[in-house]
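Below is start-v1.csv, holding CSV, C-alpha atoms and all ligand atoms.
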```csv
chain,number,residue,atom,x,y,z
A,1,MET,CA,21.6,-15.6,7.6
A,2,THR,CA,24.9,-17.5,7.1
A,3,GLU,CA,28.2,-16.6,8.5
A,4,ASP,CA,30.0,-14.8,5.8
A,5,GLY,CA,29.4,-11.2,7.1
A,6,SER,CA,30.0,-10.0,3.5
A,7,GLY,CA,33.1,-8.0,4.4
A,8,ASP,CA,31.1,-4.9,5.4
A,9,GLY,CA,33.6,-3.3,7.6
A,10,ASP,CA,32.1,-3.1,11.1
A,11,ARG,CA,28.8,-4.7,10.0
A,12,THR,CA,28.0,-7.9,11.8
A,13,SER,CA,25.8,-10.7,10.5
A,14,GLY,CA,22.7,-9.9,12.6
A,15,ASN,CA,23.1,-13.1,14.5
A,16,PRO,CA,23.2,-12.5,18.3
A,17,ASP,CA,25.7,-15.5,18.5
A,18,ASP,CA,28.2,-13.3,16.8
A,19,HIS,CA,28.6,-11.4,20.0
A,20,GLY,CA,29.8,-14.3,22.1
A,21,GLU,CA,28.1,-16.1,24.9
A,22,GLY,CA,26.5,-14.0,27.6
A,23,SER,CA,26.4,-10.8,25.6
A,24,PRO,CA,23.0,-9.2,25.3
A,25,ALA,CA,21.0,-9.7,22.0
A,26,ARG,CA,22.1,-7.0,19.6
A,27,VAL,CA,19.7,-4.3,18.4
A,28,LEU,CA,19.6,-4.4,14.6
A,29,ARG,CA,20.5,-1.1,13.0
A,30,ALA,CA,17.9,-0.4,10.3
A,31,GLY,CA,18.0,2.0,7.4
A,32,VAL,CA,14.8,3.1,5.6
A,33,ILE,CA,14.7,4.2,2.0
A,34,GLY,CA,11.7,6.3,1.1
A,35,THR,CA,10.1,8.2,3.9
A,36,GLY,CA,6.6,8.9,2.4
A,37,ILE,CA,3.4,7.4,3.8
A,38,MET,CA,4.7,3.8,4.1
A,39,GLY,CA,8.4,4.6,4.9
A,40,ALA,CA,7.5,7.1,7.7
A,41,ASP,CA,5.0,4.6,9.1
A,42,HIS,CA,7.7,1.8,9.1
A,43,VAL,CA,10.1,4.3,10.8
A,44,ARG,CA,7.5,5.0,13.5
A,45,ARG,CA,6.9,1.4,14.1
A,46,LEU,CA,10.6,0.4,14.2
A,47,ALA,CA,11.2,3.2,16.6
A,48,GLY,CA,8.2,2.5,18.7
A,49,SER,CA,6.1,-0.7,18.8
A,50,VAL,CA,8.8,-3.1,17.3
A,51,SER,CA,11.5,-4.3,19.6
A,52,GLY,CA,15.0,-5.4,18.6
A,53,ALA,CA,15.7,-2.8,16.0
A,54,GLU,CA,16.5,0.9,15.8
A,55,VAL,CA,16.4,3.3,12.9
A,56,VAL,CA,19.9,4.7,12.3
A,57,ALA,CA,19.5,6.1,8.8
A,58,VAL,CA,16.9,7.3,6.3
A,59,SER,CA,17.0,8.4,2.7
A,60,ASP,CA,14.4,10.0,0.4
A,61,ALA,CA,14.5,11.9,-2.9
A,62,ASP,CA,13.0,14.7,-0.9
A,63,ARG,CA,15.8,15.4,1.6
A,64,ASP,CA,13.6,17.7,3.7
A,65,ARG,CA,11.0,14.9,4.2
A,66,ALA,CA,13.8,12.5,5.1
A,67,ALA,CA,15.2,15.0,7.6
A,68,ARG,CA,11.7,15.5,9.2
A,69,VAL,CA,11.2,11.7,9.6
A,70,ALA,CA,14.8,11.3,10.9
A,71,CYS,CA,13.9,14.0,13.5
A,72,ASP,CA,10.7,12.2,14.5
A,73,ALA,CA,12.7,9.0,14.9
A,74,GLY,CA,14.8,10.7,17.6
A,75,GLY,CA,17.5,11.8,15.2
A,76,CYS,CA,19.4,9.6,12.7
A,77,ARG,CA,21.7,9.9,9.7
A,78,VAL,CA,20.1,11.2,6.4
A,79,HIS,CA,21.6,9.9,3.2
A,80,ASP,CA,21.2,11.7,0.0
A,81,GLU,CA,20.9,8.5,-2.0
A,82,GLY,CA,19.5,5.1,-1.2
A,83,LEU,CA,22.6,3.3,-2.5
A,84,GLY,CA,24.7,5.3,0.0
A,85,LEU,CA,22.4,4.2,2.8
A,86,ILE,CA,22.8,0.5,1.8
A,87,LYS,CA,26.6,0.8,1.7
A,88,ASP,CA,26.6,2.5,5.2
A,89,PRO,CA,28.6,0.1,7.4
A,90,GLY,CA,26.5,1.2,10.3
A,91,VAL,CA,23.3,-0.1,8.7
A,92,ASP,CA,22.6,-3.8,9.2
A,93,VAL,CA,19.2,-4.2,7.6
A,94,VAL,CA,17.2,-2.1,5.1
A,95,VAL,CA,13.6,-1.3,4.5
A,96,VAL,CA,12.7,-0.2,0.9
A,97,ALA,CA,9.6,1.9,0.9
A,98,SER,CA,10.4,4.1,-2.2
A,99,PRO,CA,8.2,4.0,-5.3
A,100,ASP,CA,7.9,0.7,-7.2
A,101,PRO,CA,10.3,1.6,-10.1
A,102,THR,CA,13.1,1.9,-7.6
A,103,HIS,CA,12.7,-1.4,-5.9
A,104,GLU,CA,14.8,-3.6,-8.2
A,105,ARG,CA,17.9,-1.4,-7.9
A,106,PHE,CA,17.8,-1.1,-4.2
A,107,VAL,CA,17.0,-4.7,-3.5
A,108,LEU,CA,19.8,-5.9,-5.8
A,109,ALA,CA,22.2,-3.6,-4.0
A,110,CYS,CA,21.1,-5.0,-0.6
A,111,VAL,CA,21.6,-8.6,-1.8
A,112,GLU,CA,25.0,-7.6,-3.2
A,113,ALA,CA,25.9,-6.1,0.2
A,114,GLY,CA,24.7,-9.2,2.0
A,115,LYS,CA,22.1,-7.1,3.9
A,116,PRO,CA,18.6,-8.4,4.8
A,117,VAL,CA,16.0,-6.3,3.1
A,118,LEU,CA,12.2,-5.8,3.7
A,119,CYS,CA,10.9,-4.4,0.4
A,120,GLU,CA,7.5,-3.0,0.1
A,121,LYS,CA,5.3,-4.7,-2.4
A,122,PRO,CA,5.6,-5.1,-5.3
A,123,LEU,CA,9.0,-6.7,-5.2
A,124,ALA,CA,9.6,-5.2,-8.7
A,125,GLU,CA,7.5,-3.8,-11.5
A,126,THR,CA,8.0,-6.7,-13.9
A,127,SER,CA,8.3,-10.5,-13.5
A,128,ALA,CA,11.7,-10.2,-15.4
A,129,ALA,CA,13.0,-7.8,-12.8
A,130,CYS,CA,11.8,-10.1,-10.0
A,131,GLN,CA,13.7,-13.0,-11.7
A,132,ARG,CA,16.9,-10.9,-11.6
A,133,ILE,CA,16.4,-10.5,-7.9
A,134,ILE,CA,15.8,-14.2,-7.5
A,135,SER,CA,19.0,-15.0,-9.5
A,136,ALA,CA,21.0,-12.6,-7.3
A,137,GLU,CA,19.7,-14.3,-4.1
A,138,VAL,CA,20.3,-17.8,-5.5
A,139,ALA,CA,23.8,-16.7,-6.4
A,140,ALA,CA,24.3,-15.4,-2.8
A,141,GLY,CA,23.1,-18.8,-1.6
A,142,ARG,CA,20.8,-17.5,1.1
A,143,ARG,CA,17.5,-15.7,1.6
A,144,LEU,CA,17.9,-12.0,2.3
A,145,VAL,CA,14.7,-10.6,0.8
A,146,GLN,CA,11.3,-10.3,2.5
A,147,VAL,CA,8.4,-8.7,0.5
A,148,GLY,CA,5.9,-6.4,2.3
A,149,PHE,CA,2.8,-8.5,1.8
A,150,MET,CA,1.7,-7.7,5.3
A,151,ARG,CA,-1.8,-9.3,5.1
A,152,ARG,CA,0.0,-12.6,5.9
A,153,PHE,CA,0.5,-11.2,9.4
A,154,ASP,CA,-3.1,-9.9,9.8
A,155,PRO,CA,-4.8,-11.8,12.7
A,156,GLY,CA,-7.9,-12.3,10.6
A,157,TYR,CA,-6.1,-13.7,7.5
A,158,ALA,CA,-3.8,-15.8,9.8
A,159,GLU,CA,-6.8,-17.4,11.5
A,160,MET,CA,-8.4,-18.1,8.1
A,161,LYS,CA,-5.2,-19.9,7.1
A,162,ARG,CA,-5.1,-21.8,10.4
A,163,LEU,CA,-8.6,-23.0,9.9
A,164,LEU,CA,-8.1,-24.1,6.3
A,165,ASP,CA,-4.8,-25.9,7.2
A,166,SER,CA,-6.6,-27.7,10.1
A,167,SER,CA,-9.1,-29.2,7.6
A,168,ALA,CA,-12.0,-27.7,9.6
A,169,LEU,CA,-13.5,-26.4,6.3
A,170,GLY,CA,-12.7,-29.3,4.0
A,171,ALA,CA,-11.1,-28.7,0.7
A,172,PRO,CA,-11.2,-25.1,-0.5
A,173,LEU,CA,-13.5,-24.5,-3.5
A,174,LEU,CA,-14.0,-20.7,-3.9
A,175,VAL,CA,-12.6,-17.5,-2.5
A,176,HIS,CA,-14.5,-14.2,-2.7
A,177,ASN,CA,-12.5,-11.0,-2.2
A,178,GLN,CA,-13.4,-7.3,-2.1
A,179,HIS,CA,-10.9,-4.5,-2.0
A,180,ARG,CA,-12.5,-1.1,-1.7
A,181,ASN,CA,-10.8,2.2,-1.1
A,182,GLU,CA,-12.6,5.4,-0.3
A,183,GLN,CA,-11.0,7.4,-3.1
A,184,SER,CA,-8.1,7.1,-5.5
A,185,PRO,CA,-5.5,9.8,-6.1
A,186,PRO,CA,-6.0,11.7,-9.4
A,187,TRP,CA,-2.9,10.1,-11.0
A,188,PHE,CA,-4.1,6.5,-10.3
A,189,ALA,CA,-4.3,4.5,-13.6
A,190,SER,CA,-6.4,1.4,-14.2
A,191,GLY,CA,-3.4,-0.9,-14.2
A,192,MET,CA,-2.6,0.3,-10.6
A,193,SER,CA,-5.8,-1.2,-9.4
A,194,ILE,CA,-4.1,-4.5,-10.2
A,195,VAL,CA,-0.4,-3.9,-9.5
A,196,SER,CA,-0.9,-1.7,-6.4
A,197,SER,CA,-4.2,-3.0,-5.0
A,198,ALA,CA,-5.2,-6.4,-6.2
A,199,ILE,CA,-1.7,-7.7,-5.8
A,200,HIS,CA,-2.5,-8.1,-2.2
A,201,GLU,CA,-5.4,-10.4,-3.0
A,202,ILE,CA,-3.1,-12.3,-5.4
A,203,ASP,CA,-0.5,-12.9,-2.7
A,204,THR,CA,-3.0,-13.8,0.0
A,205,LEU,CA,-4.7,-16.3,-2.3
A,206,ARG,CA,-1.4,-18.1,-3.1
A,207,TRP,CA,-0.5,-18.0,0.6
A,208,LEU,CA,-3.9,-19.2,2.0
A,209,LEU,CA,-4.1,-22.1,-0.4
A,210,GLY,CA,-0.5,-22.9,-0.8
A,211,GLU,CA,-0.8,-23.2,-4.5
A,212,GLU,CA,0.0,-21.2,-7.6
A,213,ILE,CA,-2.4,-19.2,-9.7
A,214,VAL,CA,-2.5,-20.5,-13.3
A,215,ALA,CA,-5.0,-18.3,-15.0
A,216,ALA,CA,-6.4,-14.8,-14.7
A,217,GLN,CA,-9.2,-12.8,-16.3
A,218,VAL,CA,-10.2,-9.2,-15.7
A,219,MET,CA,-13.7,-7.9,-16.4
A,220,ARG,CA,-14.9,-4.4,-16.5
A,221,PRO,CA,-18.4,-3.6,-15.3
A,222,ARG,CA,-20.1,-0.2,-16.0
A,223,ARG,CA,-17.6,2.5,-15.0
A,224,SER,CA,-18.4,4.4,-11.8
A,225,GLY,CA,-19.1,8.1,-12.4
A,226,ALA,CA,-16.9,8.8,-9.3
A,227,ALA,CA,-13.8,7.4,-11.1
A,228,PRO,CA,-11.5,10.3,-12.1
A,229,GLY,CA,-10.2,10.6,-15.7
A,230,GLY,CA,-10.1,7.5,-17.7
A,231,LEU,CA,-9.8,5.2,-14.7
A,232,GLU,CA,-11.7,1.9,-15.2
A,233,ASP,CA,-13.3,1.4,-11.8
A,234,PRO,CA,-14.4,-1.0,-10.4
A,235,LEU,CA,-12.7,-4.1,-11.9
A,236,LEU,CA,-13.6,-7.7,-11.4
A,237,ILE,CA,-10.8,-10.2,-11.4
A,238,LEU,CA,-11.2,-14.0,-11.7
A,239,LEU,CA,-8.3,-16.2,-10.8
A,240,ARG,CA,-7.9,-20.0,-11.1
A,241,THR,CA,-5.4,-21.9,-9.1
A,242,ALA,CA,-3.4,-25.1,-10.0
A,243,GLY,CA,-5.8,-27.1,-7.8
A,244,GLY,CA,-8.9,-25.8,-9.5
A,245,VAL,CA,-10.0,-23.2,-6.8
A,246,LEU,CA,-11.7,-20.2,-8.3
A,247,ALA,CA,-11.3,-16.8,-6.7
A,248,ASP,CA,-13.0,-13.5,-7.6
A,249,ALA,CA,-11.7,-10.1,-6.5
A,250,GLU,CA,-13.6,-6.9,-6.8
A,251,VAL,CA,-11.3,-3.9,-6.8
A,252,PHE,CA,-13.1,-0.6,-6.4
A,253,VAL,CA,-10.8,2.2,-5.5
A,254,ASN,CA,-13.4,5.0,-5.5
A,255,ALA,CA,-16.0,3.2,-3.4
A,256,GLY,CA,-16.7,6.5,-1.5
A,257,TYR,CA,-17.4,5.2,1.9
A,258,GLY,CA,-14.2,4.0,3.5
A,259,TYR,CA,-11.5,1.3,3.3
A,260,ASP,CA,-13.1,-2.1,3.2
A,261,VAL,CA,-11.3,-5.3,2.6
A,262,ARG,CA,-13.2,-8.6,2.8
A,263,CYS,CA,-12.5,-12.2,2.1
A,264,GLU,CA,-14.6,-15.3,2.3
A,265,LEU,CA,-13.2,-18.7,1.8
A,266,VAL,CA,-15.7,-21.5,0.8
A,267,GLY,CA,-14.7,-25.1,1.6
A,268,GLU,CA,-16.4,-28.4,1.1
A,269,THR,CA,-17.7,-28.5,4.7
A,270,GLY,CA,-17.7,-24.8,5.9
A,271,THR,CA,-16.8,-21.2,5.2
A,272,THR,CA,-14.7,-18.6,6.9
A,273,SER,CA,-14.6,-14.9,6.4
A,274,LEU,CA,-13.0,-11.8,7.8
A,275,VAL,CA,-15.2,-9.8,10.2
A,276,PRO,CA,-15.2,-6.0,10.3
A,277,PRO,CA,-12.3,-4.8,12.3
A,278,ALA,CA,-14.2,-2.2,14.4
A,279,PRO,CA,-13.9,-2.8,18.2
A,280,VAL,CA,-17.4,-1.6,18.9
A,281,ALA,CA,-20.8,-1.2,17.3
A,282,THR,CA,-22.7,2.0,17.8
A,283,ARG,CA,-26.4,2.8,17.9
A,284,ALA,CA,-27.5,6.3,17.3
A,285,ALA,CA,-30.1,8.2,15.3
A,286,ARG,CA,-32.2,5.0,14.8
A,287,ALA,CA,-29.3,3.2,13.1
A,288,GLU,CA,-26.6,0.7,14.2
A,289,GLY,CA,-23.2,0.8,12.7
A,290,GLN,CA,-19.5,0.1,13.0
A,291,ARG,CA,-16.8,2.6,12.0
A,292,LEU,CA,-14.8,1.6,8.9
A,293,PRO,CA,-11.0,2.4,8.6
A,294,SER,CA,-10.0,5.3,6.4
A,295,ASP,CA,-7.1,3.5,4.8
A,296,TRP,CA,-4.7,0.5,4.9
A,297,ILE,CA,-2.5,2.0,7.6
A,298,GLU,CA,-5.4,2.0,10.0
A,299,ARG,CA,-6.9,-1.3,8.9
A,300,PHE,CA,-3.7,-3.3,8.8
A,301,ALA,CA,-1.9,-1.6,11.8
A,302,ALA,CA,-1.5,-4.9,13.7
A,303,ALA,CA,-0.3,-6.6,10.5
A,304,TYR,CA,2.4,-4.0,9.8
A,305,ASP,CA,3.6,-4.3,13.5
A,306,ARG,CA,3.7,-8.1,13.3
A,307,GLU,CA,5.3,-8.2,9.9
A,308,LEU,CA,8.2,-5.9,11.0
A,309,GLN,CA,8.6,-7.8,14.3
A,310,ALA,CA,8.7,-11.1,12.6
A,311,TRP,CA,11.3,-9.7,10.2
A,312,VAL,CA,13.5,-8.3,13.0
A,313,ASP,CA,13.2,-11.4,15.1
A,314,ALA,CA,14.0,-13.8,12.2
A,315,THR,CA,16.9,-11.7,11.0
A,316,ALA,CA,18.4,-11.5,14.5
A,317,ARG,CA,18.2,-15.3,14.6
A,318,GLY,CA,19.9,-15.5,11.2
A,319,THR,CA,16.8,-16.9,9.5
A,320,VAL,CA,13.7,-15.7,7.6
A,321,ALA,CA,10.2,-15.4,9.0
A,322,GLY,CA,8.1,-18.5,8.1
A,323,ALA,CA,4.9,-16.7,7.1
A,324,ALA,CA,6.7,-13.9,5.2
A,325,ALA,CA,6.7,-13.5,1.5
A,326,SER,CA,10.0,-14.4,-0.2
A,327,ALA,CA,11.4,-13.1,-3.4
A,328,TRP,CA,9.8,-16.1,-5.1
A,329,ASP,CA,6.4,-15.0,-3.7
A,330,GLY,CA,7.1,-11.5,-5.0
A,331,TYR,CA,7.9,-12.9,-8.4
A,332,ALA,CA,4.8,-15.1,-8.6
A,333,ALA,CA,2.5,-12.2,-7.5
A,334,THR,CA,4.0,-9.9,-10.1
A,335,ALA,CA,3.7,-12.6,-12.8
A,336,VAL,CA,0.0,-13.0,-12.0
A,337,ALA,CA,-0.5,-9.2,-12.0
A,338,GLU,CA,1.1,-9.1,-15.5
A,339,ALA,CA,-1.4,-11.7,-16.7
A,340,CYS,CA,-4.2,-9.5,-15.2
A,341,LEU,CA,-2.9,-6.5,-17.1
A,342,GLU,CA,-2.8,-8.5,-20.3
A,343,SER,CA,-6.4,-9.5,-19.8
A,344,LEU,CA,-7.4,-6.0,-18.9
A,345,ALA,CA,-5.8,-4.8,-22.2
A,346,GLY,CA,-7.0,-7.6,-24.5
A,347,GLY,CA,-9.8,-9.3,-22.7
A,348,GLY,CA,-10.2,-13.0,-22.1
A,349,THR,CA,-8.4,-15.4,-19.9
A,350,VAL,CA,-4.6,-15.3,-19.7
A,351,GLU,CA,-2.6,-18.3,-18.6
A,352,VAL,CA,0.2,-17.7,-16.0
A,353,SER,CA,3.4,-19.8,-16.6
A,354,LEU,CA,6.0,-19.4,-13.9
A,355,ALA,CA,9.7,-20.2,-14.1
A,356,THR,CA,11.0,-23.3,-12.2
A,357,ARG,CA,11.1,-22.6,-8.5
A,358,PRO,CA,14.7,-22.7,-7.2
A,359,PRO,CA,15.4,-25.0,-4.2
A,360,LEU,CA,16.3,-22.0,-2.1
A,361,TYR,CA,12.5,-21.3,-1.9
A,362,ALA,CA,11.3,-24.8,-1.3
A,401,LIG,N1,2.1,-2.9,2.0
A,401,LIG,C1,1.2,-2.0,1.8
A,401,LIG,O1,0.1,-2.1,2.3
A,401,LIG,C2,1.5,-0.7,0.9
A,401,LIG,C3,0.6,0.3,0.9
A,401,LIG,C4,0.9,1.4,0.2
A,401,LIG,C5,2.0,1.5,-0.6
A,401,LIG,N2,2.9,0.4,-0.6
A,401,LIG,C6,4.1,0.5,-1.4
A,401,LIG,O2,5.1,1.2,-0.6
A,401,LIG,C7,5.9,2.0,-1.5
A,401,LIG,C8,5.8,3.5,-1.1
A,401,LIG,O3,4.5,3.9,-1.2
A,401,LIG,P1,4.0,5.2,-0.4
A,401,LIG,O4,2.5,5.1,-0.4
A,401,LIG,O5,4.7,5.4,0.9
A,401,LIG,O6,4.4,6.3,-1.4
A,401,LIG,P2,4.8,7.8,-1.1
A,401,LIG,O7,4.7,8.5,-2.4
A,401,LIG,O8,4.0,8.3,0.0
A,401,LIG,O9,6.3,7.7,-0.6
A,401,LIG,C9,7.4,7.4,-1.5
A,401,LIG,C10,8.6,8.2,-1.0
A,401,LIG,O10,9.7,7.8,-1.8
A,401,LIG,C11,10.5,8.9,-2.1
A,401,LIG,N3,11.3,8.6,-3.3
A,401,LIG,C12,11.0,8.7,-4.6
A,401,LIG,N4,12.1,8.3,-5.3
A,401,LIG,C13,13.0,7.9,-4.5
A,401,LIG,C14,14.3,7.4,-4.6
A,401,LIG,N5,14.9,7.2,-5.8
A,401,LIG,N6,15.0,7.1,-3.5
A,401,LIG,C15,14.5,7.3,-2.2
A,401,LIG,N7,13.3,7.8,-2.1
A,401,LIG,C16,12.5,8.1,-3.2
A,401,LIG,C17,9.4,10.0,-2.4
A,401,LIG,O11,10.0,11.3,-2.3
A,401,LIG,C18,8.4,9.7,-1.3
A,401,LIG,O12,8.7,10.4,-0.1
A,401,LIG,C19,5.4,1.7,-2.9
A,401,LIG,O13,6.2,0.7,-3.4
A,401,LIG,C20,4.0,1.2,-2.7
A,401,LIG,O14,3.6,0.3,-3.7
A,401,LIG,C21,2.6,-0.7,0.2
```
Target format structure tokens, applied to this file:
Amino acid sequence: MTEDGSGDGDRTSGNPDDHGEGSPARVLRAGVIGTGIMGADHVRRLAGSVSGAEVVAVSDADRDRAARVACDAGGCRVHDEGLGLIKDPGVDVVVVASPDPTHERFVLACVEAGKPVLCEKPLAETSAACQRIISAEVAAGRRLVQVGFMRRFDPGYAEMKRLLDSSALGAPLLVHNQHRNEQSPPWFASGMSIVSSAIHEIDTLRWLLGEEIVAAQVMRPRRSGAAPGGLEDPLLILLRTAGGVLADAEVFVNAGYGYDVRCELVGETGTTSLVPPAPVATRAARAEGQRLPSDWIERFAAAYDRELQAWVDATARGTVAGAAASAWDGYAATAVAEACLESLAGGGTVEVSLATRPPLYA
């Protein structure tokens, strides 16, 4: 973060240096917009396992829900509207965990107010909306936006990246992904398997390999009888990167048995894959097994903690977290998701062409 302070009344820049030599590191005052499943979980973590920040304000379209979460956080201000929370001079940093269609408006308001923002994925619903956020950040001249692609902070994915970067596996050739949920909600539509679920595989692929995805194809196997309504489930996605790596991603949101995320990376001289996250194996009734998580909150608990801690630490230092997804990453992921949606609708392979990457995101 730079020095301008953005004229926000009593707001400080988030840099501990602002408080003069010898003063204790300041605790960042966080506001959380959207207190549903993700927002309430972020509030719990910021108030509990994450150090260096406190939750001072929340906002939700459902005021009663916001009030309950505020109470669970030990009591904090409840704003009727997210924009009011962003303008609150007592709020230094903002978490956006409201529904996808609200992200662009809230993130743009944060950038305008000069406040660091952690926005849940996707950054915005369309690549055009993501580009408007990038333009605002570039005009501000500094990075303020982190996107909630928390898998970058998962110990398993982080170790896969470390191994790949160390050249222990040789050049990457193939990546196999599986993304299975126990059950989808009744309102879940086929496109959401891409923009809500597979967007995580899209981001981790770009991040693991450090290269852009240039083409996408979505294939539909026979539809599962467990899929509600007209949901196309499962889907098989094929992605090609600029360097010629091929990745497949099975997305099956009514797999019926638990939340199961897998990834195997195949290199020229070795492979690496995520191992099941269960701490123990159990033998009973003539069978051996490991418990599977019920959902993403359980499976990626460590990743959410590390993501928030990295955001708080970097923001307090006036920087951005190295591994974190930027607005550019949010844009690129949404652009690839759009190509997948086009392929889902029309079939065939769809090329992805990205805008020129501004130097701010070099
Ligand atoms: N990173 C991840 O692993 C992950 C996982 C799930 C969801 N998400 C993302 O997190 C966001 C929230 O998802 P969720 O599962 O918590 O949804 P949710 O429906 O449980 O919660 C959303 C909340 O936002 C509130 N809301 C609606 N409109 C609002 C507005 N204009 N202003 C303020 N609040 C508003 C709703 O009342 C609700 O309480 C979504 O963008 C979703 O894509 C990320």
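Here CA of Gly191 (chain A) stands at a distance of 8.9 Å from CA of Leu231 (chain A).
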Would you mind listing the residues within 6 Å of ligand LIG 401 (chain A), counting all atoms listed in the file, as a list in words?
->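 Checked against 6 Å with all atoms listed in the file; the hits are Ile33, Gly34, Thr35, Gly36, Ile37, Met38, Gly39, Ser59, Asp60, Ala61, Asp62, Gly82, Ala97, Ser98, Pro99, Asp100, Thr102, Glu120, Lys121, Pro122, Gly148, Phe149, Met150 and Ser196 of chain A.
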Skipping near chain neighbours, those fewer than 4 positions away, what residues fall within 7 Å of region 138-144 of chain A using only C-alpha atoms, listed as a ChimeraX atom specification?
-> /A:1,111,115-117,134,360
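The residue set within 7 Å of region 40-49 of chain A, counting only C-alpha atoms and dropping same-chain residues fewer than 6 places from it, reads Val55, Val69, Ala73 and Asp305 of chain A.
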Show which residues sit within 9 Å of Leu28 (chain A), as a PDB file with C-alpha atoms, in the coordinates of the input. Count only C-alpha atoms, and ignore same-chain residues fewer than 5 positions away.
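Result file follows (part20.pdb):
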```
ATOM      1  CA  GLY A  14      22.700  -9.900  12.600  1.00  0.00           C
ATOM      2  CA  GLY A  52      15.000  -5.400  18.600  1.00  0.00           C
ATOM      3  CA  ALA A  53      15.700  -2.800  16.000  1.00  0.00           C
ATOM      4  CA  GLU A  54      16.500   0.900  15.800  1.00  0.00           C
ATOM      5  CA  VAL A  55      16.400   3.300  12.900  1.00  0.00           C
ATOM      6  CA  VAL A  91      23.300  -0.100   8.700  1.00  0.00           C
ATOM      7  CA  ASP A  92      22.600  -3.800   9.200  1.00  0.00           C
ATOM      8  CA  VAL A  93      19.200  -4.200   7.600  1.00  0.00           C
ATOM      9  CA  VAL A 312      13.500  -8.300  13.000  1.00  0.00           C
ATOM     10  CA  THR A 315      16.900 -11.700  11.000  1.00  0.00           C
ATOM     11  CA  ALA A 316      18.400 -11.500  14.500  1.00  0.00           C
TER      12      ALA A 316
END
```
For Val78 (chain A), which residue out of A:Gly256, A:Gly31, A:Gly114, A:Pro221 is the nearest one, using all atoms listed in the file?
->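 Checking each candidate against Val78 (chain A), we get A:Gly31 as the closest.
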Around (-9.0, 0.0, 1.8) in the file's frame, which residues reach within 8 Å when counting all atoms listed in the file? Return as a ChimeraX atom specification?
-> /A:179-182,253,258-261,293-296,299
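For the set A:Val107, A:Ala247, A:Pro101, A:Cys71, the residue with the smallest atom-to-atom gap to Thr126 (chain A) is A:Pro101, counting all atoms listed in the file.
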Selection near Ala327 (chain A), 7 Å with only C-alpha atoms, sequence-local residues under 4 positions removed, as a PyMOL selection string = chain A and resi 134+145-147+331
Close residues, Val175 (chain A) itself excluded, 10 Å, only C-alpha atoms, min 4 positions apart in chain, as a list in words | Leu205, Leu208, Leu209, Leu238, Leu239, Val245, Leu246, Ala247, Asp248, Ala249, Cys263, Glu264, Leu265, Val266, Gly267, Thr271, Thr272 and Ser273 of chain A
Measure the distance from CA of Gly243 (chain A) to CA of Glu351 (chain A) in Å and round it to one decimal.
-> 14.3 Å
Å distance separating CA of Ala335 (chain A) from CA of Ser127 (chain A), one decimal place |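 For CA of Ala335 (chain A) relative to CA of Ser127 (chain A), the distance reads 5.1 Å.
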What would the list of residues within 10 Å of (-8.4, -18.1, -21.4) (file frame) look like as a CSV table (one decimal) with C-alpha atoms, in the coordinates of the input, if all atoms listed in the file are what count?
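Result written to point10.csv:
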```csv
chain,number,residue,atom,x,y,z
A,215,ALA,CA,-5.0,-18.3,-15.0
A,216,ALA,CA,-6.4,-14.8,-14.7
A,217,GLN,CA,-9.2,-12.8,-16.3
A,343,SER,CA,-6.4,-9.5,-19.8
A,347,GLY,CA,-9.8,-9.3,-22.7
A,348,GLY,CA,-10.2,-13.0,-22.1
A,349,THR,CA,-8.4,-15.4,-19.9
A,350,VAL,CA,-4.6,-15.3,-19.7
A,351,GLU,CA,-2.6,-18.3,-18.6
```
Have a look at A:Pro276, A:Gly84, A:Gly90, A:Gly330 and name the one nearest to Ala128 (chain A); count only C-alpha atoms.
-> A:Gly330
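Nearest to Val218 (chain A) of all the residues A:Gly289, A:Glu137, A:Asp80, A:Ser190 is A:Ser190, counting only C-alpha atoms.
Nearest residue to Ala278 (chain A) among A:Arg162, A:Arg29, A:Arg291, A:Arg152 is A:Arg291, counting only C-alpha atoms.
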